[in-house]
$ cat entry06.pdb   # PDB, C-alpha atoms, pLDDT in the B column
ATOM      1  CA  MET A 191      -7.967  15.985 -16.666  1.00 73.00           C
ATOM      2  CA  ILE A 192      -5.201  13.417 -17.064  1.00 75.00           C
ATOM      3  CA  ALA A 193      -2.780  15.635 -15.124  1.00 88.00           C
ATOM      4  CA  LEU A 194      -5.206  15.715 -12.190  1.00 92.00           C
ATOM      5  CA  VAL A 195      -5.620  11.934 -12.286  1.00 95.00           C
ATOM      6  CA  TRP A 196      -1.823  11.549 -12.392  1.00 95.00           C
ATOM      7  CA  ILE A 197      -1.358  13.848  -9.379  1.00 95.00           C
ATOM      8  CA  VAL A 198      -4.088  12.091  -7.372  1.00 97.00           C
ATOM      9  CA  HIS A 199      -2.574   8.703  -8.237  1.00 97.00           C
ATOM     10  CA  LEU A 200       0.901   9.862  -7.276  1.00 97.00           C
ATOM     11  CA  GLY A 201      -0.447  11.283  -4.003  1.00 97.00           C
ATOM     12  CA  ALA A 202      -2.293   8.070  -3.091  1.00 98.00           C
ATOM     13  CA  THR A 203       0.716   5.929  -3.971  1.00 98.00           C
ATOM     14  CA  PHE A 204       3.115   8.043  -1.919  1.00 98.00           C
ATOM     15  CA  ALA A 205       0.683   8.206   0.995  1.00 98.00           C
ATOM     16  CA  MET A 206       0.471   4.400   1.025  1.00 98.00           C
ATOM     17  CA  PHE A 207       4.256   4.164   0.662  1.00 98.00           C
ATOM     18  CA  GLY A 208       4.569   6.175   3.890  1.00 98.00           C
ATOM     19  CA  VAL A 209       1.781   4.330   5.681  1.00 98.00           C
ATOM     20  CA  ILE A 210       3.112   0.872   4.827  1.00 98.00           C
ATOM     21  CA  TRP A 211       6.600   1.705   6.110  1.00 98.00           C
ATOM     22  CA  MET A 212       5.141   3.030   9.376  1.00 97.00           C
ATOM     23  CA  VAL A 213       3.024  -0.102   9.745  1.00 97.00           C
ATOM     24  CA  GLN A 214       5.949  -2.380   8.864  1.00 98.00           C
ATOM     25  CA  VAL A 215       8.598  -0.929  11.168  1.00 97.00           C
ATOM     26  CA  VAL A 216       6.427   0.485  13.984  1.00 96.00           C
ATOM     27  CA  GLN A 217       2.874  -0.802  14.194  1.00 96.00           C
ATOM     28  CA  TYR A 218       3.159  -4.507  13.429  1.00 97.00           C
ATOM     29  CA  PRO A 219       6.308  -5.122  15.515  1.00 96.00           C
ATOM     30  CA  LEU A 220       4.613  -3.451  18.491  1.00 95.00           C
ATOM     31  CA  PHE A 221       1.862  -6.093  18.392  1.00 96.00           C
ATOM     32  CA  ALA A 222       4.318  -8.477  20.058  1.00 95.00           C
ATOM     33  CA  ARG A 223       4.983  -6.005  22.902  1.00 95.00           C
ATOM     34  CA  VAL A 224       1.447  -5.023  23.869  1.00 93.00           C
ATOM     35  CA  GLY A 225       0.912  -7.986  26.148  1.00 91.00           C
ATOM     36  CA  GLU A 226      -1.869 -10.517  26.224  1.00 92.00           C
ATOM     37  CA  GLU A 227      -4.143  -8.529  28.563  1.00 93.00           C
ATOM     38  CA  SER A 228      -4.242  -5.419  26.380  1.00 94.00           C
ATOM     39  CA  PHE A 229      -3.854  -7.020  22.973  1.00 96.00           C
ATOM     40  CA  ALA A 230      -7.515  -7.508  22.023  1.00 94.00           C
ATOM     41  CA  ALA A 231      -8.390  -3.849  22.622  1.00 95.00           C
ATOM     42  CA  TYR A 232      -5.165  -2.641  21.005  1.00 96.00           C
ATOM     43  CA  HIS A 233      -5.664  -4.793  17.922  1.00 97.00           C
ATOM     44  CA  ALA A 234      -9.329  -3.795  17.606  1.00 96.00           C
ATOM     45  CA  GLY A 235      -8.328  -0.138  17.771  1.00 96.00           C
ATOM     46  CA  HIS A 236      -5.545  -0.639  15.245  1.00 96.00           C
ATOM     47  CA  THR A 237      -7.752  -2.379  12.695  1.00 96.00           C
ATOM     48  CA  ALA A 238     -10.613   0.093  13.108  1.00 95.00           C
ATOM     49  CA  TYR A 239      -8.473   3.222  12.807  1.00 96.00           C
ATOM     50  CA  ILE A 240      -6.021   2.029  10.162  1.00 96.00           C
ATOM     51  CA  THR A 241      -8.925   1.002   7.927  1.00 96.00           C
ATOM     52  CA  TRP A 242     -10.128   4.617   7.846  1.00 96.00           C
ATOM     53  CA  VAL A 243      -6.689   5.633   6.582  1.00 96.00           C
ATOM     54  CA  VAL A 244      -5.760   2.873   4.154  1.00 97.00           C
ATOM     55  CA  LEU A 245      -9.014   1.768   2.534  1.00 96.00           C
ATOM     56  CA  PRO A 246      -9.892   5.115   0.911  1.00 98.00           C
ATOM     57  CA  LEU A 247      -6.282   5.547  -0.248  1.00 98.00           C
ATOM     58  CA  MET A 248      -6.182   2.021  -1.673  1.00 98.00           C
ATOM     59  CA  PHE A 249      -9.425   2.551  -3.598  1.00 98.00           C
ATOM     60  CA  VAL A 250      -8.248   5.919  -4.944  1.00 98.00           C
ATOM     61  CA  GLU A 251      -4.939   4.358  -5.953  1.00 98.00           C
ATOM     62  CA  LEU A 252      -6.657   1.440  -7.714  1.00 98.00           C
ATOM     63  CA  GLY A 253      -9.235   3.639  -9.435  1.00 98.00           C
ATOM     64  CA  THR A 254      -6.662   6.084 -10.742  1.00 97.00           C
ATOM     65  CA  ALA A 255      -4.343   3.229 -11.792  1.00 97.00           C
ATOM     66  CA  LEU A 256      -7.151   1.786 -13.911  1.00 97.00           C
ATOM     67  CA  TRP A 257      -7.929   5.232 -15.303  1.00 97.00           C
ATOM     68  CA  LEU A 258      -4.268   5.711 -16.277  1.00 96.00           C
ATOM     69  CA  LEU A 259      -4.281   2.318 -17.977  1.00 95.00           C
ATOM     70  CA  VAL A 260      -7.235   3.361 -20.149  1.00 95.00           C
ATOM     71  CA  SER A 261      -6.112   6.960 -20.634  1.00 94.00           C
ATOM     72  CA  PRO A 262      -2.352   7.231 -20.063  1.00 92.00           C
ATOM     73  CA  PRO A 263      -0.537  10.552 -20.144  1.00 91.00           C
ATOM     74  CA  PRO A 264       1.091  11.359 -23.483  1.00 90.00           C
ATOM     75  CA  GLY A 265       4.536   9.788 -23.607  1.00 90.00           C
ATOM     76  CA  ALA A 266       3.954   7.377 -20.708  1.00 92.00           C
ATOM     77  CA  PRO A 267       5.336   3.934 -21.553  1.00 94.00           C
ATOM     78  CA  ALA A 268       2.441   1.456 -21.599  1.00 94.00           C
ATOM     79  CA  LEU A 269       4.666  -1.225 -20.082  1.00 96.00           C
ATOM     80  CA  ALA A 270       5.417   0.954 -17.045  1.00 96.00           C
ATOM     81  CA  ILE A 271       1.710   1.629 -16.484  1.00 96.00           C
ATOM     82  CA  TRP A 272       0.975  -2.116 -16.721  1.00 97.00           C
ATOM     83  CA  VAL A 273       3.845  -3.038 -14.387  1.00 98.00           C
ATOM     84  CA  GLY A 274       2.582  -0.508 -11.844  1.00 97.00           C
ATOM     85  CA  LEU A 275      -0.907  -1.987 -12.041  1.00 98.00           C
ATOM     86  CA  VAL A 276       0.368  -5.569 -11.673  1.00 98.00           C
ATOM     87  CA  ALA A 277       2.340  -4.518  -8.568  1.00 98.00           C
ATOM     88  CA  LEU A 278      -0.810  -2.903  -7.179  1.00 98.00           C
ATOM     89  CA  LEU A 279      -2.851  -6.047  -7.843  1.00 98.00           C
ATOM     90  CA  GLY A 280      -0.159  -8.002  -5.977  1.00 98.00           C
ATOM     91  CA  ILE A 281      -0.605  -5.653  -3.030  1.00 98.00           C
ATOM     92  CA  TRP A 282      -4.379  -6.152  -3.067  1.00 98.00           C
ATOM     93  CA  ALA A 283      -3.994  -9.934  -3.333  1.00 98.00           C
ATOM     94  CA  SER A 284      -1.555 -10.037  -0.423  1.00 98.00           C
ATOM     95  CA  THR A 285      -3.762  -7.757   1.656  1.00 97.00           C
ATOM     96  CA  PHE A 286      -6.964  -9.745   1.270  1.00 96.00           C
ATOM     97  CA  LEU A 287      -5.510 -13.259   0.974  1.00 98.00           C
ATOM     98  CA  VAL A 288      -2.768 -13.025   3.620  1.00 97.00           C
ATOM     99  CA  GLN A 289      -2.903 -10.004   5.956  1.00 97.00           C
ATOM    100  CA  VAL A 290      -6.685  -9.803   6.442  1.00 97.00           C
ATOM    101  CA  PRO A 291      -6.955 -13.499   7.466  1.00 98.00           C
ATOM    102  CA  GLN A 292      -4.022 -13.017   9.851  1.00 98.00           C
ATOM    103  CA  HIS A 293      -5.773 -10.028  11.410  1.00 98.00           C
ATOM    104  CA  GLU A 294      -8.929 -12.143  11.769  1.00 97.00           C
ATOM    105  CA  ILE A 295      -6.910 -14.679  13.784  1.00 97.00           C
ATOM    106  CA  LEU A 296      -5.374 -11.912  15.895  1.00 97.00           C
ATOM    107  CA  ALA A 297      -8.833 -10.460  16.562  1.00 96.00           C
ATOM    108  CA  ARG A 298      -9.431 -13.579  18.700  1.00 95.00           C
ATOM    109  CA  GLY A 299      -6.336 -12.938  20.802  1.00 95.00           C
ATOM    110  CA  LEU A 300      -2.575 -12.566  20.817  1.00 96.00           C
ATOM    111  CA  ASP A 301      -0.730 -15.221  18.830  1.00 97.00           C
ATOM    112  CA  LEU A 302       2.978 -14.397  18.595  1.00 96.00           C
ATOM    113  CA  GLY A 303       3.436 -16.868  15.750  1.00 97.00           C
ATOM    114  CA  VAL A 304       0.816 -15.054  13.675  1.00 97.00           C
ATOM    115  CA  VAL A 305       2.323 -11.677  14.607  1.00 97.00           C
ATOM    116  CA  GLY A 306       5.676 -12.926  13.298  1.00 97.00           C
ATOM    117  CA  GLN A 307       4.044 -14.161  10.086  1.00 98.00           C
ATOM    118  CA  LEU A 308       2.308 -10.800   9.706  1.00 98.00           C
ATOM    119  CA  VAL A 309       5.565  -8.861  10.082  1.00 97.00           C
ATOM    120  CA  ARG A 310       7.492 -11.139   7.705  1.00 97.00           C
ATOM    121  CA  GLY A 311       4.723 -11.398   5.120  1.00 97.00           C
ATOM    122  CA  ASN A 312       4.067  -7.672   5.079  1.00 98.00           C
ATOM    123  CA  TRP A 313       7.508  -7.101   3.566  1.00 98.00           C
ATOM    124  CA  LEU A 314       5.956  -8.083   0.218  1.00 98.00           C
ATOM    125  CA  ARG A 315       3.489  -5.188   0.366  1.00 98.00           C
ATOM    126  CA  THR A 316       6.179  -2.871   1.705  1.00 98.00           C
ATOM    127  CA  GLY A 317       8.460  -3.785  -1.189  1.00 98.00           C
ATOM    128  CA  LEU A 318       5.719  -3.464  -3.794  1.00 98.00           C
ATOM    129  CA  TRP A 319       4.587  -0.046  -2.546  1.00 98.00           C
ATOM    130  CA  THR A 320       8.213   1.090  -2.409  1.00 98.00           C
ATOM    131  CA  PHE A 321       8.671  -0.119  -5.985  1.00 98.00           C
ATOM    132  CA  ARG A 322       5.483   1.680  -7.083  1.00 98.00           C
ATOM    133  CA  ALA A 323       6.574   4.925  -5.432  1.00 98.00           C
ATOM    134  CA  GLY A 324       9.925   4.726  -7.226  1.00 98.00           C
ATOM    135  CA  LEU A 325       8.303   3.809 -10.539  1.00 98.00           C
ATOM    136  CA  TYR A 326       5.842   6.693 -10.450  1.00 96.00           C
ATOM    137  CA  LEU A 327       8.494   9.142  -9.278  1.00 96.00           C
ATOM    138  CA  TRP A 328      10.668   8.076 -12.221  1.00 95.00           C
ATOM    139  CA  LEU A 329       7.701   8.346 -14.614  1.00 95.00           C
ATOM    140  CA  THR A 330       6.862  11.805 -13.290  1.00 94.00           C
ATOM    141  CA  VAL A 331      10.423  12.989 -13.894  1.00 92.00           C
ATOM    142  CA  GLU A 332      10.482  11.427 -17.375  1.00 90.00           C
ATOM    143  CA  LEU A 333       7.126  12.927 -18.354  1.00 89.00           C
ATOM    144  CA  SER A 334       8.188  16.320 -16.983  1.00 88.00           C
ATOM    145  CA  ARG A 335      11.542  16.315 -18.775  1.00 78.00           C
ATOM    146  CA  PRO A 336      10.344  18.205 -21.900  1.00 70.00           C
ATOM    147  CA  ALA A 337       8.976  21.005 -19.707  1.00 64.00           C
ATOM    148  CA  LEU A 338      12.130  21.025 -17.582  1.00 63.00           C
ATOM    149  CA  ASP A 339      14.437  21.023 -20.607  1.00 68.00           C
ATOM    150  CA  GLY A 340      12.417  23.622 -22.496  1.00 60.00           C
TER
END
$ encode --input "entry06.pdb" --output "structure tokens"
Amino acid sequence: MIALVWIVHLGATFAMFGVIWMVQVVQYPLFARVGEESFAAYHAGHTAYITWVVLPLMFVELGTALWLLVSPPPGAPALAIWVGLVALLGIWASTFLVQVPQHEILARGLDLGVVGQLVRGNWLRTGLWTFRAGLYLWLTVELSRPALDG
């Protein structure tokens, strides 16, 4: 069972790694180019559709991270599992304390200052998800090493 949880966690983490980079370098910067007339509809569409992608992945990632904390794979360093969870909690905190309120402001209309804050502030989540992807890739290689060497 733990192997399945590990694979699901790895999949959710890598999916969010890809999504956050697309949002960071494509989606959020385009907010500034939509124009005031079209922005409200564009932003409403973005938030509605992106939620269907990211929220299930974020919950799966969090649930499996907690599962791995309680029941880690044999040989997994406890510190690495904890560090991964702390990074994930940082992502959740940033999302709900910073990005969600910024999106609530943008739901009322285009504010280029808020768009700039959103782009700059989202680098924290981008960095943390990139770190998590690297951490869990490294852990996967390390945990697979006995099978690869044998």
$ closest_residue --input "entry06.pdb" --among "A:Val309, A:Leu256, A:Ala266, A:Gly317" --to "Val216 (chain A)" --atoms "all atoms listed in the file"
A:Val309
$ residues_near_point --input "entry06.pdb" --point "(6.6, 11.4, -16.9)" --cutoff "10 Å" --atoms "only C-alpha atoms" --output "ChimeraX atom specification"
/A:196,263-267,326-336
$ resolve_selection --input "entry06.pdb" --expression "the PyMOL selection byres ((chain A and resi 229) around 12)" --output "tab-separated table (two decimals) with C-alpha atoms, keeping the file's coordinate frame"
chain	number	residue	atom	x	y	z
A	220	LEU	CA	4.61	-3.45	18.49
A	221	PHE	CA	1.86	-6.09	18.39
A	222	ALA	CA	4.32	-8.48	20.06
A	223	ARG	CA	4.98	-6.00	22.90
A	224	VAL	CA	1.45	-5.02	23.87
A	225	GLY	CA	0.91	-7.99	26.15
A	226	GLU	CA	-1.87	-10.52	26.22
A	227	GLU	CA	-4.14	-8.53	28.56
A	228	SER	CA	-4.24	-5.42	26.38
A	230	ALA	CA	-7.52	-7.51	22.02
A	231	ALA	CA	-8.39	-3.85	22.62
A	232	TYR	CA	-5.16	-2.64	21.00
A	233	HIS	CA	-5.66	-4.79	17.92
A	234	ALA	CA	-9.33	-3.80	17.61
A	235	GLY	CA	-8.33	-0.14	17.77
A	236	HIS	CA	-5.54	-0.64	15.24
A	237	THR	CA	-7.75	-2.38	12.70
A	296	LEU	CA	-5.37	-11.91	15.90
A	297	ALA	CA	-8.83	-10.46	16.56
A	298	ARG	CA	-9.43	-13.58	18.70
A	299	GLY	CA	-6.34	-12.94	20.80
A	300	LEU	CA	-2.58	-12.57	20.82
A	301	ASP	CA	-0.73	-15.22	18.83
A	302	LEU	CA	2.98	-14.40	18.60
A	305	VAL	CA	2.32	-11.68	14.61
$ resolve_selection --input "entry06.pdb" --expression "the PyMOL selection byres ((chain A and resi 208-215) around 9)" --output "list in words"
Thr203, Phe204, Ala205, Met206, Phe207, Val216, Gln217, Tyr218, Pro219, Leu220, Val243, Val244, Val309, Arg310, Asn312, Trp313, Arg315, Thr316, Trp319 and Thr320 of chain A
$ resolve_selection --input "entry06.pdb" --expression "the PyMOL selection byres ((chain A and resi 279-282) around 9)" --output "MDAnalysis selection string"
chainID A and resid 248 252 274:278 283:287 314:316 318:319
$ atom_distance --input "entry06.pdb" --atom1 "CA of Arg322 (chain A)" --atom2 "CA of Gln289 (chain A)"
19.4 Å
$ atom_distance --input "entry06.pdb" --atom1 "CA of Leu258 (chain A)" --atom2 "CA of Ala202 (chain A)"
13.5 Å
$ closest_residue --input "entry06.pdb" --among "A:Ile240, A:Val195, A:Ile295, A:Leu245" --to "Trp257 (chain A)" --atoms "only C-alpha atoms"
A:Val195
$ closest_residue --input "entry06.pdb" --among "A:Val273, A:Ala268, A:Val250, A:Met191" --to "Phe321 (chain A)" --atoms "only C-alpha atoms"
A:Val273
$ decode --input "entry06.pdb" --residues "region 303-337 of chain A" --atoms "N, CA and C atoms" --output "compact mmCIF listing (two decimals), in the first residue's frame"
# COMPACT_ATOMS: atom_id res chain seq x y z
N GLY A 303 -1.28 46.79 -10.26
CA GLY A 303 -0.44 46.66 -9.07
C GLY A 303 -0.61 45.31 -8.40
N VAL A 304 -1.85 44.86 -8.30
CA VAL A 304 -2.14 43.56 -7.69
C VAL A 304 -1.65 42.44 -8.60
N VAL A 305 -1.79 42.60 -9.91
CA VAL A 305 -1.26 41.59 -10.84
C VAL A 305 0.25 41.46 -10.63
N GLY A 306 0.95 42.57 -10.51
CA GLY A 306 2.39 42.53 -10.27
C GLY A 306 2.73 41.84 -8.96
N GLN A 307 1.97 42.14 -7.91
CA GLN A 307 2.17 41.47 -6.62
C GLN A 307 1.92 39.98 -6.73
N LEU A 308 0.90 39.61 -7.49
CA LEU A 308 0.57 38.20 -7.69
C LEU A 308 1.71 37.46 -8.38
N VAL A 309 2.23 38.06 -9.44
CA VAL A 309 3.34 37.43 -10.18
C VAL A 309 4.57 37.30 -9.29
N ARG A 310 4.94 38.39 -8.61
CA ARG A 310 6.13 38.35 -7.75
C ARG A 310 5.95 37.40 -6.57
N GLY A 311 4.82 37.47 -5.92
CA GLY A 311 4.58 36.63 -4.74
C GLY A 311 4.45 35.16 -5.06
N ASN A 312 4.01 34.85 -6.26
CA ASN A 312 3.82 33.45 -6.63
C ASN A 312 5.15 32.71 -6.82
N TRP A 313 6.25 33.46 -6.90
CA TRP A 313 7.55 32.80 -7.00
C TRP A 313 7.84 31.94 -5.77
N LEU A 314 7.27 32.31 -4.61
CA LEU A 314 7.45 31.48 -3.42
C LEU A 314 6.85 30.09 -3.64
N ARG A 315 5.61 30.04 -4.11
CA ARG A 315 4.99 28.73 -4.36
C ARG A 315 5.72 27.99 -5.47
N THR A 316 6.12 28.72 -6.50
CA THR A 316 6.85 28.08 -7.60
C THR A 316 8.14 27.46 -7.09
N GLY A 317 8.87 28.19 -6.26
CA GLY A 317 10.11 27.67 -5.69
C GLY A 317 9.87 26.49 -4.77
N LEU A 318 8.83 26.58 -3.93
CA LEU A 318 8.56 25.47 -3.01
C LEU A 318 8.12 24.21 -3.74
N TRP A 319 7.28 24.35 -4.78
CA TRP A 319 6.89 23.15 -5.52
C TRP A 319 8.06 22.59 -6.32
N THR A 320 8.93 23.45 -6.80
CA THR A 320 10.13 22.98 -7.50
C THR A 320 11.03 22.22 -6.52
N PHE A 321 11.20 22.78 -5.34
CA PHE A 321 11.98 22.10 -4.30
C PHE A 321 11.37 20.74 -3.97
N ARG A 322 10.04 20.70 -3.78
CA ARG A 322 9.37 19.43 -3.44
C ARG A 322 9.54 18.40 -4.56
N ALA A 323 9.42 18.83 -5.80
CA ALA A 323 9.60 17.89 -6.91
C ALA A 323 11.02 17.32 -6.88
N GLY A 324 12.01 18.17 -6.67
CA GLY A 324 13.39 17.70 -6.59
C GLY A 324 13.62 16.79 -5.40
N LEU A 325 13.06 17.15 -4.25
CA LEU A 325 13.21 16.33 -3.05
C LEU A 325 12.63 14.95 -3.26
N TYR A 326 11.41 14.87 -3.79
CA TYR A 326 10.77 13.57 -3.94
C TYR A 326 11.36 12.77 -5.10
N LEU A 327 11.92 13.43 -6.09
CA LEU A 327 12.66 12.71 -7.12
C LEU A 327 13.91 12.09 -6.51
N TRP A 328 14.64 12.88 -5.73
CA TRP A 328 15.84 12.38 -5.05
C TRP A 328 15.49 11.21 -4.13
N LEU A 329 14.41 11.37 -3.32
CA LEU A 329 14.01 10.29 -2.42
C LEU A 329 13.63 9.03 -3.19
N THR A 330 12.96 9.20 -4.30
CA THR A 330 12.57 8.03 -5.11
C THR A 330 13.80 7.29 -5.61
N VAL A 331 14.79 8.03 -6.09
CA VAL A 331 16.04 7.41 -6.55
C VAL A 331 16.73 6.70 -5.39
N GLU A 332 16.82 7.39 -4.24
CA GLU A 332 17.49 6.79 -3.08
C GLU A 332 16.78 5.53 -2.60
N LEU A 333 15.46 5.57 -2.54
CA LEU A 333 14.71 4.40 -2.08
C LEU A 333 14.73 3.27 -3.10
N SER A 334 14.96 3.60 -4.35
CA SER A 334 15.01 2.58 -5.41
C SER A 334 16.41 2.00 -5.59
N ARG A 335 17.40 2.65 -5.01
CA ARG A 335 18.79 2.23 -5.21
C ARG A 335 19.05 0.76 -4.91
N PRO A 336 18.54 0.19 -3.80
CA PRO A 336 18.80 -1.24 -3.56
C PRO A 336 18.28 -2.13 -4.70
N ALA A 337 17.12 -1.80 -5.24
CA ALA A 337 16.57 -2.59 -6.35
C ALA A 337 17.39 -2.37 -7.61
